[in-house]
Amino acid sequence: MKRFFTTLIMSIIIILLIAVLGILGYLVWQEIDGEAVANIAQNFVSTVTSLGKDEENLSTPGIIDTTSSELEATPTSGDVNYDNVVVDNYFYDQLEEPSKIIYRALEANKENMKSGTYQINLGNTFTDILSSANGESLLGDYYQSAVETFIYDNPDVFYLDVNKMYLNIETTTKRNDVSYNVFINSGNQANYLDEAYNSEAQINQAIAQLESVRNQIIAQAQGSAYNQIKYVHDYIVDNTSYDSTISNPDIYNIYGTLIRKSSVCEGYAKSFKYLMDALDIPCVIVIGEATNSSGESESHAWNYVMLNNIWYAIDTTWDDPVVIGGGRPSSSAKTRYFLRGANTFNADHFPNGQFTQSGKTYEYPVLSQIDYSR
């Protein structure tokens with residue numbers, strides 16, 4: 001009998017040990033399997049939404065569409081911080097903080113973006129936004145505002161084509177946890193460079209040409225702030241032809257204006273700002289509509305510039321009129337839109353505060369009511 005009870009107790013102990021070991025084994029297997037599931041999700045199931053924000057030229061401003069595509073998941077880049085990037089630009093200051101973060105990321109990677117393929121990581125910075133209702137749409141709006149502001153604050157990034165830049169939102173679910181990895185790249189495009197540029201070496205060569213011309217102009221722009229502004233204005237007017245074909249390369253940027261010597265109003269306005277920035281004279285690009293000499297309304301771009309702490313308007317494009325039958329415009333025609341106040345300038349110029357049709361509405365500097373007078 002004693003042996004029977006001993007055997008029974010030993011059997012119970014063995015069964016209990018087997019049960020405990022089984023439970024422990026199951027828990028270990030579940031953890032290992034959970035990691036495997038996470039990896040599978042990362043490689044095959046993760047949802048990656050690419051919000052391609054198209055910026056059209058001034059003839060057809062606005063966002064054309066938003067594209068979505070399945071891209072292979074990338075390793076999570078974690079909490080990426082761009083707080084050390086200092087930006088002091090007029091339109092940047094009007095952005096909401098999420099847009100400022102994206103803007104600073106672009107600013108920090110100016111040199112890297114010359115490759116056209118460099119991926120800008122934003123990590124899990126926007127987890128709170130993406131966890132909210134309509135989070136992807138909201139972040140897409142922040143992204144649009146950041147990109148368009150960056151482009152118009154920085155005319156020196158002429159080599160980028162924001163139509164080919166995508167904001168990717170990668171969602172990975174592991175058990176009950178959802179994580180978001182955000183990055184900017186070229187999506188399924190070969191690169192996000194303007195079609196006129198196909199390599200970093202070509203971009204650097206173009207930049208060297210621009211800097212050489214800029215330095216020559218700045219060296220000649222001597223004297224008072226007024227003299228500097230006037231010299232730059234006259235240089236652009238005298239050395240640029242308006243491109244009416246709307247088909248040549250670089251007509252919307254500073255390279256077309258300052259090197260190819262041919263552009264449209266956006267190229268004129270960006271070039272004027274590019275040179276004012278080099279002279280440390282506050283200047284912004286203004287987008288809106290204008291009524292031409294035929295009484296027709298057209299999309300247009302011009303500048304506001306600060307002189308003696310007062311803002312005035314300048315339209316270098318319309319100070320470079322096309323003379324029917326050839327010849328050169330009169331001196332008065334070349335300064336009709338130079339340092340004008342609101343009473344004069346706004347008679348045929350109507351700023352709308354938007355760089356793109358559905359984009360953020362910005363506040364422009366308040367113009368002097370009267371024209372500048374020496």
# chains A, B, ... in the order shown; residues from 1 in each chain; ligands from 1
call {"tool": "residues_around", "arguments": {"residues": "Thr127 in chain A", "least_positions_apart": "4", "cutoff": "12 Å", "atoms": "only C-alpha atoms", "output": "PyMOL selection string"}}
result
chain A and resi 78-79+98+122-123+131-132+135-136+139+169-172+177-182
call {"tool": "closest_atom_pairs", "arguments": {"of": "range 257-334 of chain A", "to": "range 140-155 of chain A", "cutoff": "9 Å", "atoms": "only C-alpha atoms", "output": "tab-separated table"}}
result
residue	atom	partner	partner_atom	distance
A:Lys270	CA	A:Pro155	CA	5.5
A:Ser271	CA	A:Pro155	CA	7.2
A:Lys273	CA	A:Pro155	CA	7.4
A:Tyr274	CA	A:Pro155	CA	6.1
A:Val284	CA	A:Asp153	CA	7.5
A:Ile285	CA	A:Tyr152	CA	6.8
call {"tool": "write_last_selection", "arguments": {"atoms": "N, CA and C atoms", "output": "PDB file, in the first residue's frame"}}
result
ATOM      1  N   LYS A 270      11.598  84.125 -58.799  1.00  0.00           N
ATOM      2  CA  LYS A 270      12.524  83.318 -58.004  1.00  0.00           C
ATOM      3  C   LYS A 270      13.947  83.866 -58.108  1.00  0.00           C
ATOM      4  N   SER A 271      14.317  84.326 -59.282  1.00  0.00           N
ATOM      5  CA  SER A 271      15.673  84.854 -59.466  1.00  0.00           C
ATOM      6  C   SER A 271      15.865  86.149 -58.702  1.00  0.00           C
ATOM      7  N   LYS A 273      14.367  86.974 -55.940  1.00  0.00           N
ATOM      8  CA  LYS A 273      14.518  86.601 -54.530  1.00  0.00           C
ATOM      9  C   LYS A 273      15.889  85.974 -54.263  1.00  0.00           C
ATOM     10  N   TYR A 274      16.349  85.121 -55.164  1.00  0.00           N
ATOM     11  CA  TYR A 274      17.654  84.476 -55.025  1.00  0.00           C
ATOM     12  C   TYR A 274      18.760  85.514 -54.851  1.00  0.00           C
ATOM     13  N   VAL A 284      10.144  88.335 -50.683  1.00  0.00           N
ATOM     14  CA  VAL A 284       9.301  87.144 -50.802  1.00  0.00           C
ATOM     15  C   VAL A 284       8.740  87.058 -52.213  1.00  0.00           C
ATOM     16  N   ILE A 285       8.358  85.839 -52.591  1.00  0.00           N
ATOM     17  CA  ILE A 285       7.668  85.600 -53.860  1.00  0.00           C
ATOM     18  C   ILE A 285       6.170  85.660 -53.590  1.00  0.00           C
TER      19      ILE A 285
END
call {"tool": "closest_residue", "arguments": {"among": "A:Asn176, A:Ile184, A:Trp318, A:Val80", "to": "Ser293 in chain A", "atoms": "only C-alpha atoms"}}
result
A:Trp318
call {"tool": "select_by_dssp", "arguments": {"residues": "range 174-297 of chain A", "states": "alpha helix (DSSP H)", "output": "JSON, numbers by chain"}}
result
{"A": [200, 201, 202, 203, 204, 205, 206, 207, 208, 209, 210, 211, 212, 213, 214, 215, 216, 217, 218, 219, 220, 225, 226, 227, 228, 229, 230, 231, 232, 233, 234, 235, 236, 237, 238, 239, 254, 255, 256, 257, 258, 265, 266, 267, 268, 269, 270, 271, 272, 273, 274, 275, 276, 277, 278]}
call {"tool": "closest_atom_pairs", "arguments": {"of": "range 151-235 of chain A", "to": "range 245-264 of chain A", "cutoff": "7 Å", "atoms": "only C-alpha atoms", "output": "tab-separated table"}}
result
residue	atom	partner	partner_atom	distance
A:Pro155	CA	A:Ile254	CA	6.9
A:Phe158	CA	A:Asn253	CA	5.7
A:Ala196	CA	A:Pro249	CA	6.2
A:Leu210	CA	A:Tyr255	CA	6.9
call {"tool": "write_last_selection", "arguments": {"atoms": "N, CA and C atoms", "output": "PDB file, in the first residue's frame"}}
result
ATOM      1  N   PRO A 155      14.643  79.305 -53.600  1.00  0.00           N
ATOM      2  CA  PRO A 155      14.741  79.174 -55.061  1.00  0.00           C
ATOM      3  C   PRO A 155      16.007  78.466 -55.529  1.00  0.00           C
ATOM      4  N   PHE A 158      16.387  74.523 -57.347  1.00  0.00           N
ATOM      5  CA  PHE A 158      15.778  74.492 -58.678  1.00  0.00           C
ATOM      6  C   PHE A 158      15.785  73.105 -59.301  1.00  0.00           C
ATOM      7  N   ALA A 196      15.458  68.250 -66.354  1.00  0.00           N
ATOM      8  CA  ALA A 196      16.654  68.832 -66.980  1.00  0.00           C
ATOM      9  C   ALA A 196      17.938  68.334 -66.332  1.00  0.00           C
ATOM     10  N   LEU A 210      25.598  79.248 -61.517  1.00  0.00           N
ATOM     11  CA  LEU A 210      24.715  80.230 -60.890  1.00  0.00           C
ATOM     12  C   LEU A 210      25.461  81.086 -59.876  1.00  0.00           C
TER      13      LEU A 210
END
call {"tool": "select_by_dssp", "arguments": {"residues": "range 246-314 of chain A", "states": "strand (DSSP E)", "output": "CSV table (one decimal) with N, CA, C and O atoms, in the first residue's frame"}}
result
chain,number,residue,atom,x,y,z
A,262,SER,N,16.2,82.9,-70.3
A,262,SER,CA,14.9,82.9,-70.7
A,262,SER,C,14.0,82.1,-69.7
A,262,SER,O,14.4,81.1,-69.2
A,263,SER,N,12.9,82.7,-69.3
A,263,SER,CA,12.0,82.1,-68.4
A,263,SER,C,10.6,82.7,-68.4
A,263,SER,O,10.4,83.7,-69.2
A,283,CYS,N,12.9,89.6,-48.9
A,283,CYS,CA,12.2,89.5,-50.1
A,283,CYS,C,11.3,88.3,-50.1
A,283,CYS,O,11.8,87.2,-49.6
A,284,VAL,N,10.1,88.3,-50.7
A,284,VAL,CA,9.3,87.1,-50.8
A,284,VAL,C,8.7,87.1,-52.2
A,284,VAL,O,8.7,88.1,-52.9
A,285,ILE,N,8.4,85.8,-52.6
A,285,ILE,CA,7.7,85.6,-53.9
A,285,ILE,C,6.2,85.7,-53.6
A,285,ILE,O,5.7,85.1,-52.6
A,286,VAL,N,5.4,86.3,-54.5
A,286,VAL,CA,4.0,86.5,-54.3
A,286,VAL,C,3.3,85.8,-55.5
A,286,VAL,O,3.7,86.0,-56.6
A,287,ILE,N,2.3,85.1,-55.2
A,287,ILE,CA,1.5,84.4,-56.2
A,287,ILE,C,0.1,84.9,-56.3
A,287,ILE,O,-0.5,85.2,-55.2
A,288,GLY,N,-0.4,85.1,-57.4
A,288,GLY,CA,-1.8,85.6,-57.5
A,288,GLY,C,-2.2,85.7,-59.0
A,288,GLY,O,-1.8,84.9,-59.9
A,289,GLU,N,-3.1,86.6,-59.3
A,289,GLU,CA,-3.6,86.9,-60.6
A,289,GLU,C,-3.3,88.3,-61.0
A,289,GLU,O,-3.2,89.2,-60.1
A,290,ALA,N,-3.2,88.6,-62.3
A,290,ALA,CA,-2.9,89.9,-62.7
A,290,ALA,C,-3.7,90.2,-64.0
A,290,ALA,O,-3.9,89.2,-64.8
A,291,THR,N,-4.1,91.4,-64.2
A,291,THR,CA,-4.9,91.8,-65.4
A,291,THR,C,-3.9,92.4,-66.4
A,291,THR,O,-3.3,93.4,-66.1
A,297,SER,N,-7.3,88.2,-67.3
A,297,SER,CA,-6.7,87.8,-66.1
A,297,SER,C,-5.9,86.6,-66.3
A,297,SER,O,-6.3,85.6,-67.0
A,298,GLU,N,-4.7,86.5,-65.6
A,298,GLU,CA,-3.8,85.4,-65.8
A,298,GLU,C,-3.1,85.1,-64.5
A,298,GLU,O,-2.9,86.0,-63.7
A,299,SER,N,-2.7,83.9,-64.3
A,299,SER,CA,-1.9,83.5,-63.1
A,299,SER,C,-0.5,84.2,-63.2
A,299,SER,O,0.0,84.2,-64.3
A,300,HIS,N,0.0,84.6,-62.1
A,300,HIS,CA,1.2,85.5,-62.2
A,300,HIS,C,2.0,85.4,-60.9
A,300,HIS,O,1.5,84.9,-59.9
A,301,ALA,N,3.3,85.7,-61.0
A,301,ALA,CA,4.2,85.7,-59.8
A,301,ALA,C,5.0,87.0,-59.9
A,301,ALA,O,5.4,87.5,-60.9
A,302,TRP,N,5.2,87.6,-58.7
A,302,TRP,CA,6.0,88.8,-58.6
A,302,TRP,C,6.7,88.8,-57.2
A,302,TRP,O,6.7,87.8,-56.5
A,303,ASN,N,7.2,89.9,-56.8
A,303,ASN,CA,7.9,90.0,-55.5
A,303,ASN,C,7.5,91.2,-54.6
A,303,ASN,O,7.0,92.2,-55.1
A,304,TYR,N,7.6,91.0,-53.3
A,304,TYR,CA,7.6,92.1,-52.4
A,304,TYR,C,9.0,92.2,-51.8
A,304,TYR,O,9.6,91.1,-51.5
A,305,VAL,N,9.5,93.4,-51.6
A,305,VAL,CA,10.9,93.6,-51.1
A,305,VAL,C,10.8,94.7,-50.0
A,305,VAL,O,10.1,95.6,-50.2
A,306,MET,N,11.7,94.5,-49.0
A,306,MET,CA,11.7,95.5,-48.0
A,306,MET,C,12.8,96.5,-48.2
A,306,MET,O,13.9,96.2,-48.4
A,307,LEU,N,12.4,97.8,-48.1
A,307,LEU,CA,13.4,98.9,-48.2
A,307,LEU,C,13.1,99.9,-47.1
A,307,LEU,O,11.9,100.4,-47.0
A,310,ILE,N,10.1,99.1,-44.9
A,310,ILE,CA,8.8,99.2,-45.5
A,310,ILE,C,8.7,98.3,-46.8
A,310,ILE,O,9.7,98.2,-47.5
A,311,TRP,N,7.6,97.6,-46.9
A,311,TRP,CA,7.5,96.6,-48.1
A,311,TRP,C,6.9,97.3,-49.3
A,311,TRP,O,5.9,98.1,-49.2
A,312,TYR,N,7.6,97.0,-50.5
A,312,TYR,CA,7.1,97.5,-51.7
A,312,TYR,C,7.0,96.3,-52.7
A,312,TYR,O,7.7,95.3,-52.5
A,313,ALA,N,6.3,96.5,-53.8
A,313,ALA,CA,6.1,95.5,-54.8
A,313,ALA,C,7.0,95.7,-56.0
A,313,ALA,O,7.2,96.9,-56.4
A,314,ILE,N,7.5,94.6,-56.6
A,314,ILE,CA,8.3,94.7,-57.8
A,314,ILE,C,7.8,93.6,-58.7
A,314,ILE,O,7.7,92.4,-58.3
call {"tool": "atom_distance", "arguments": {"atom1": "CA of Leu275 in chain A", "atom2": "CA of Gln209 in chain A"}}
result
14.0 Å
